[in-house]
file my_file33.txt (compact mmCIF, C-alpha atoms)
# COMPACT_ATOMS: atom_id res chain seq x y z
CA MET A 3 -7.56 -10.81 9.58
CA ALA A 4 -9.96 -13.70 9.94
CA GLY A 5 -13.19 -13.30 8.04
CA LEU A 6 -11.69 -11.03 5.37
CA GLY A 7 -12.94 -13.28 2.61
CA ALA A 8 -10.77 -11.80 -0.15
CA LEU A 9 -9.56 -14.25 -2.79
CA SER A 10 -6.96 -11.76 -4.05
CA VAL A 11 -5.14 -8.94 -2.28
CA LEU A 12 -2.46 -6.51 -3.47
CA VAL A 13 -0.36 -4.53 -0.96
CA THR A 14 1.96 -1.68 -2.02
CA GLY A 15 5.00 -0.83 0.08
CA ALA A 16 5.04 -4.42 1.33
CA ASN A 17 8.76 -4.77 2.05
CA CYS A 18 8.81 -3.07 5.47
CA GLY A 19 6.78 -1.53 8.27
CA ILE A 20 2.98 -1.62 8.04
CA GLY A 21 3.03 -3.21 4.57
CA LEU A 22 5.24 -6.12 5.60
CA GLU A 23 3.13 -6.71 8.71
CA LEU A 24 -0.06 -6.69 6.61
CA VAL A 25 1.47 -9.37 4.39
CA ARG A 26 2.48 -11.43 7.44
CA GLN A 27 -1.00 -11.11 8.95
CA LEU A 28 -2.68 -12.10 5.70
CA LEU A 29 -0.40 -15.13 5.34
CA GLY A 30 -1.13 -16.16 8.93
CA SER A 31 -4.87 -15.75 8.57
CA SER A 32 -7.23 -18.70 8.73
CA ASP A 33 -8.93 -17.05 5.75
CA LEU A 34 -5.82 -17.03 3.54
CA PRO A 35 -6.17 -15.24 0.16
CA GLN A 36 -5.65 -17.45 -2.87
CA TRP A 37 -3.45 -14.73 -4.39
CA LEU A 38 -1.44 -12.23 -2.37
CA PHE A 39 0.64 -9.68 -4.27
CA ALA A 40 3.35 -7.97 -2.21
CA CYS A 41 4.64 -4.96 -4.12
CA CYS A 42 7.84 -3.00 -3.55
CA GLN A 43 10.35 -0.97 -5.56
CA ASP A 44 13.29 -3.35 -5.30
CA PRO A 45 12.21 -6.93 -4.56
CA ASP A 46 15.66 -8.30 -5.45
CA GLY A 47 17.51 -5.86 -3.18
CA GLU A 48 18.27 -5.87 0.54
CA HIS A 49 14.84 -4.52 1.48
CA GLY A 50 13.07 -7.34 -0.37
CA GLN A 51 14.85 -10.05 1.61
CA LYS A 52 12.05 -10.54 4.18
CA LEU A 53 9.46 -10.82 1.41
CA ARG A 54 11.57 -13.36 -0.46
CA LYS A 55 11.85 -15.45 2.71
CA LEU A 56 8.06 -15.36 3.18
CA ALA A 57 7.48 -16.25 -0.50
CA SER A 58 9.74 -19.29 -0.21
CA SER A 59 7.25 -20.89 2.19
CA HIS A 60 3.98 -19.43 0.85
CA PRO A 61 3.20 -20.37 -2.77
CA ASN A 62 0.24 -17.96 -2.87
CA LEU A 63 2.56 -14.97 -2.28
CA THR A 64 3.83 -13.23 -5.39
CA ILE A 65 6.37 -10.44 -5.07
CA VAL A 66 5.83 -7.72 -7.66
CA LYS A 67 8.22 -4.92 -8.56
CA LEU A 68 6.29 -1.64 -8.31
CA ASP A 69 7.35 1.99 -8.16
CA THR A 70 4.09 3.82 -7.44
CA CYS A 71 5.46 7.01 -9.07
CA ASP A 72 6.41 5.37 -12.37
CA PRO A 73 3.56 4.77 -14.86
CA SER A 74 5.50 2.06 -16.74
CA SER A 75 6.20 0.22 -13.48
CA ILE A 76 2.52 0.43 -12.52
CA LYS A 77 1.51 -0.88 -15.96
CA ALA A 78 3.94 -3.80 -15.62
CA ALA A 79 2.58 -4.60 -12.13
CA VAL A 80 -0.99 -4.65 -13.49
CA ALA A 81 0.11 -6.98 -16.29
CA ARG A 82 1.85 -9.30 -13.80
CA ALA A 83 -1.17 -9.43 -11.50
CA THR A 84 -3.57 -9.93 -14.42
CA GLU A 85 -1.46 -12.81 -15.73
CA GLN A 86 -1.17 -14.42 -12.29
CA LEU A 87 -4.92 -14.05 -11.62
CA ASN A 88 -5.56 -15.81 -14.94
CA ARG A 89 -8.56 -13.70 -15.91
CA SER A 90 -9.85 -13.61 -12.34
CA ARG A 91 -10.24 -10.43 -10.32
CA LEU A 92 -8.66 -8.31 -7.59
CA ASN A 93 -10.75 -8.05 -4.42
CA LEU A 94 -8.63 -5.79 -2.26
CA LEU A 95 -6.09 -3.08 -3.10
CA ILE A 96 -4.15 -1.78 -0.10
CA ASN A 97 -2.29 1.45 -0.93
CA ASN A 98 0.36 1.48 1.76
CA ALA A 99 3.55 2.71 0.04
CA GLY A 100 4.87 5.97 1.39
CA ILE A 101 8.00 7.93 2.16
CA VAL A 102 9.06 10.52 4.70
CA ARG A 103 11.87 13.05 4.51
CA GLN A 104 12.78 14.35 7.94
CA HIS A 105 13.11 18.10 8.03
CA THR A 106 11.96 20.96 10.18
CA LEU A 107 9.47 23.53 9.02
CA GLU A 108 12.36 25.95 8.53
CA SER A 109 14.43 23.54 6.41
CA GLU A 110 11.62 21.98 4.33
CA THR A 111 11.76 22.67 0.59
CA SER A 112 9.13 22.61 -2.13
CA GLU A 113 11.17 19.96 -3.98
CA ARG A 114 11.06 17.56 -1.01
CA MET A 115 7.39 18.27 -0.42
CA SER A 116 6.69 17.53 -4.10
CA GLU A 117 8.64 14.25 -3.95
CA VAL A 118 6.72 13.10 -0.86
CA TYR A 119 3.35 14.19 -2.31
CA LYS A 120 4.11 12.35 -5.54
CA THR A 121 4.73 9.12 -3.62
CA ASN A 122 2.15 9.45 -0.84
CA VAL A 123 -0.75 11.13 -2.68
CA ILE A 124 -0.39 10.93 -6.46
CA GLY A 125 1.11 7.41 -6.46
CA PRO A 126 -1.90 5.79 -4.74
CA MET A 127 -4.23 7.56 -7.19
CA MET A 128 -2.26 6.25 -10.20
CA VAL A 129 -2.11 2.71 -8.76
CA THR A 130 -5.86 2.77 -8.03
CA GLN A 131 -6.67 3.98 -11.54
CA ALA A 132 -4.51 1.25 -13.08
CA PHE A 133 -6.00 -1.58 -10.98
CA LEU A 134 -9.58 -0.30 -11.26
CA PRO A 135 -10.53 -2.68 -14.12
CA LEU A 136 -9.57 -5.71 -11.98
CA LEU A 137 -11.44 -4.27 -8.98
CA ARG A 138 -14.51 -3.49 -11.12
CA LYS A 139 -14.49 -7.05 -12.40
CA ALA A 140 -14.58 -8.28 -8.80
CA SER A 141 -17.39 -5.88 -7.89
CA GLU A 142 -19.53 -7.22 -10.74
CA ASP A 143 -18.99 -10.89 -9.83
CA GLY A 144 -21.29 -12.85 -7.59
CA SER A 145 -24.62 -12.18 -6.00
CA GLN A 146 -23.35 -10.22 -2.97
CA LYS A 147 -24.52 -6.61 -3.00
CA GLY A 148 -22.56 -3.59 -1.79
CA MET A 149 -18.89 -3.09 -1.04
CA SER A 150 -16.70 -5.35 1.07
CA CYS A 151 -13.18 -6.74 1.12
CA SER A 152 -14.50 -10.06 -0.13
CA LYS A 153 -16.02 -8.36 -3.16
CA ALA A 154 -13.98 -5.25 -4.09
CA ALA A 155 -12.39 -2.57 -1.94
CA ILE A 156 -9.60 0.00 -1.88
CA VAL A 157 -7.87 0.80 1.41
CA ASN A 158 -5.51 3.78 1.69
CA ILE A 159 -3.21 3.44 4.70
CA SER A 160 -2.31 6.38 6.89
CA SER A 161 -0.84 6.55 10.37
CA LEU A 162 -0.84 8.61 13.53
CA CYS A 163 2.53 9.95 12.42
CA GLY A 164 0.59 11.65 9.63
CA SER A 165 -1.80 13.30 12.05
CA ILE A 166 -1.88 17.06 12.43
CA THR A 167 -4.21 16.87 15.42
CA ASP A 168 -2.40 14.21 17.46
CA ILE A 169 1.22 15.23 17.11
CA LEU A 170 2.75 11.87 17.95
CA ALA A 171 6.51 12.14 18.44
CA TRP A 172 6.61 15.80 17.35
CA GLU A 173 9.79 16.35 19.35
CA LEU A 174 11.52 13.46 17.54
CA GLY A 175 10.90 14.82 14.06
CA LEU A 176 8.47 17.29 12.63
CA ASN A 177 8.03 15.33 9.39
CA ILE A 178 6.05 18.17 7.87
CA ASN A 179 5.95 16.55 4.41
CA TYR A 180 4.67 13.22 5.76
CA ARG A 181 2.12 14.82 8.09
CA CYS A 182 0.66 16.81 5.20
CA SER A 183 0.61 13.90 2.74
CA LYS A 184 -0.54 11.04 5.00
CA PHE A 185 -3.10 12.95 7.06
CA PRO A 186 -5.64 10.49 8.50
CA GLY A 187 -8.77 12.51 7.72
CA GLY A 188 -11.14 10.73 10.08
CA HIS A 189 -8.82 10.68 13.08
CA GLN A 190 -9.93 12.39 16.25
CA SER A 191 -7.31 13.62 18.70
CA ARG A 192 -7.15 11.91 22.09
CA GLN A 193 -8.20 14.11 24.97
call {"tool": "encode", "arguments": {"input": "my_file33.txt", "output": "structure tokens"}}
result
Amino acid sequence: MAGLGALSVLVTGANCGIGLELVRQLLGSSDLPQWLFACCQDPDGEHGQKLRKLASSHPNLTIVKLDTCDPSSIKAAVARATEQLNRSRLNLLINNAGIVRQHTLESETSERMSEVYKTNVIGPMMVTQAFLPLLRKASEDGSQKGMSCSKAAIVNISSLCGSITDILAWELGLNINYRCSKFPGGHQSRQ
């Protein structure tokens, strides 16, 4: 992640998987952000343990409680980040949080699909809307023109497991809800 140039970064779903690895990579970067916000639903619980260990040796890492489906939780996360940034700005928002409910096409239900869509599609939209003022502030600062991670950017994470063209591990689990909600739009299938 060298050369990123972001003074402040916020990662949702930072307690495991891709999110946790993003946090580790950012902390290990030679271009370390001044503020790194690692967000997860239960930072004090078992799943927040790895983040707490990282935070104990990285003073620039702030763990923030965030449920991307709960407007009051999002509002509280914005307030926490705003306070920590001390009237500064947010350069990079990484929407990574997501869930999967393993079911076959035959056993999938509209309730499960709705739950997954709320987390994987609507949640990132609500988080982006809430953090937009801090991102806009960053985009207006400085003389640099255009978009970049060092100025202001939003990254929405997907994965090959969300692909409907490259059916990675189809035989292990159809994951219909995840594939529909985390579809990597620009992905081309391997031939």
call {"tool": "residues_around", "arguments": {"input": "my_file33.txt", "residues": "region 136-140 of chain A", "least_positions_apart": "5", "cutoff": "9 Å", "atoms": "all atoms listed in the file", "output": "number ranges by chain"}}
result
A: 80, 84, 89-95, 152-156
call {"tool": "residues_around", "arguments": {"input": "my_file33.txt", "residues": "Val157 (chain A)", "least_positions_apart": "5", "cutoff": "10 Å", "atoms": "only C-alpha atoms", "output": "ChimeraX atom specification"}}
result
/A:13,94-98,126,130,151
call {"tool": "residues_around", "arguments": {"input": "my_file33.txt", "residues": "region 61-69 of chain A", "least_positions_apart": "6", "cutoff": "8 Å", "atoms": "only C-alpha atoms", "output": "count of residues only"}}
result
19
call {"tool": "atom_distance", "arguments": {"input": "my_file33.txt", "atom1": "CA of Asp143 (chain A)", "atom2": "CA of Gly7 (chain A)"}}
result
14.0 Å
call {"tool": "closest_residue", "arguments": {"input": "my_file33.txt", "among": "A:Leu134, A:Leu87, A:Ile124, A:Val25", "to": "Leu9 (chain A)", "atoms": "all atoms listed in the file"}}
result
A:Leu87
call {"tool": "closest_residue", "arguments": {"input": "my_file33.txt", "among": "A:Ala83, A:Gly100, A:Glu113, A:Asn17", "to": "Asp46 (chain A)", "atoms": "only C-alpha atoms"}}
result
A:Asn17
call {"tool": "closest_residue", "arguments": {"input": "my_file33.txt", "among": "A:Thr106, A:Gln86, A:Ser116, A:Gln51", "to": "Leu12 (chain A)", "atoms": "all atoms listed in the file"}}
result
A:Gln86
call {"tool": "closest_residue", "arguments": {"input": "my_file33.txt", "among": "A:Glu142, A:Ala99, A:Cys71, A:Asp33", "to": "Ile20 (chain A)", "atoms": "all atoms listed in the file"}}
result
A:Ala99
call {"tool": "closest_residue", "arguments": {"input": "my_file33.txt", "among": "A:Thr121, A:Ser160, A:Ser141, A:Ser59", "to": "Arg26 (chain A)", "atoms": "all atoms listed in the file"}}
result
A:Ser59
call {"tool": "atom_distance", "arguments": {"input": "my_file33.txt", "atom1": "CA of Ser74 (chain A)", "atom2": "CA of Lys52 (chain A)"}}
result
25.3 Å
call {"tool": "closest_residue", "arguments": {"input": "my_file33.txt", "among": "A:Ser150, A:Gln104, A:Ser10, A:Ser32", "to": "Asn88 (chain A)", "atoms": "only C-alpha atoms"}}
result
A:Ser10
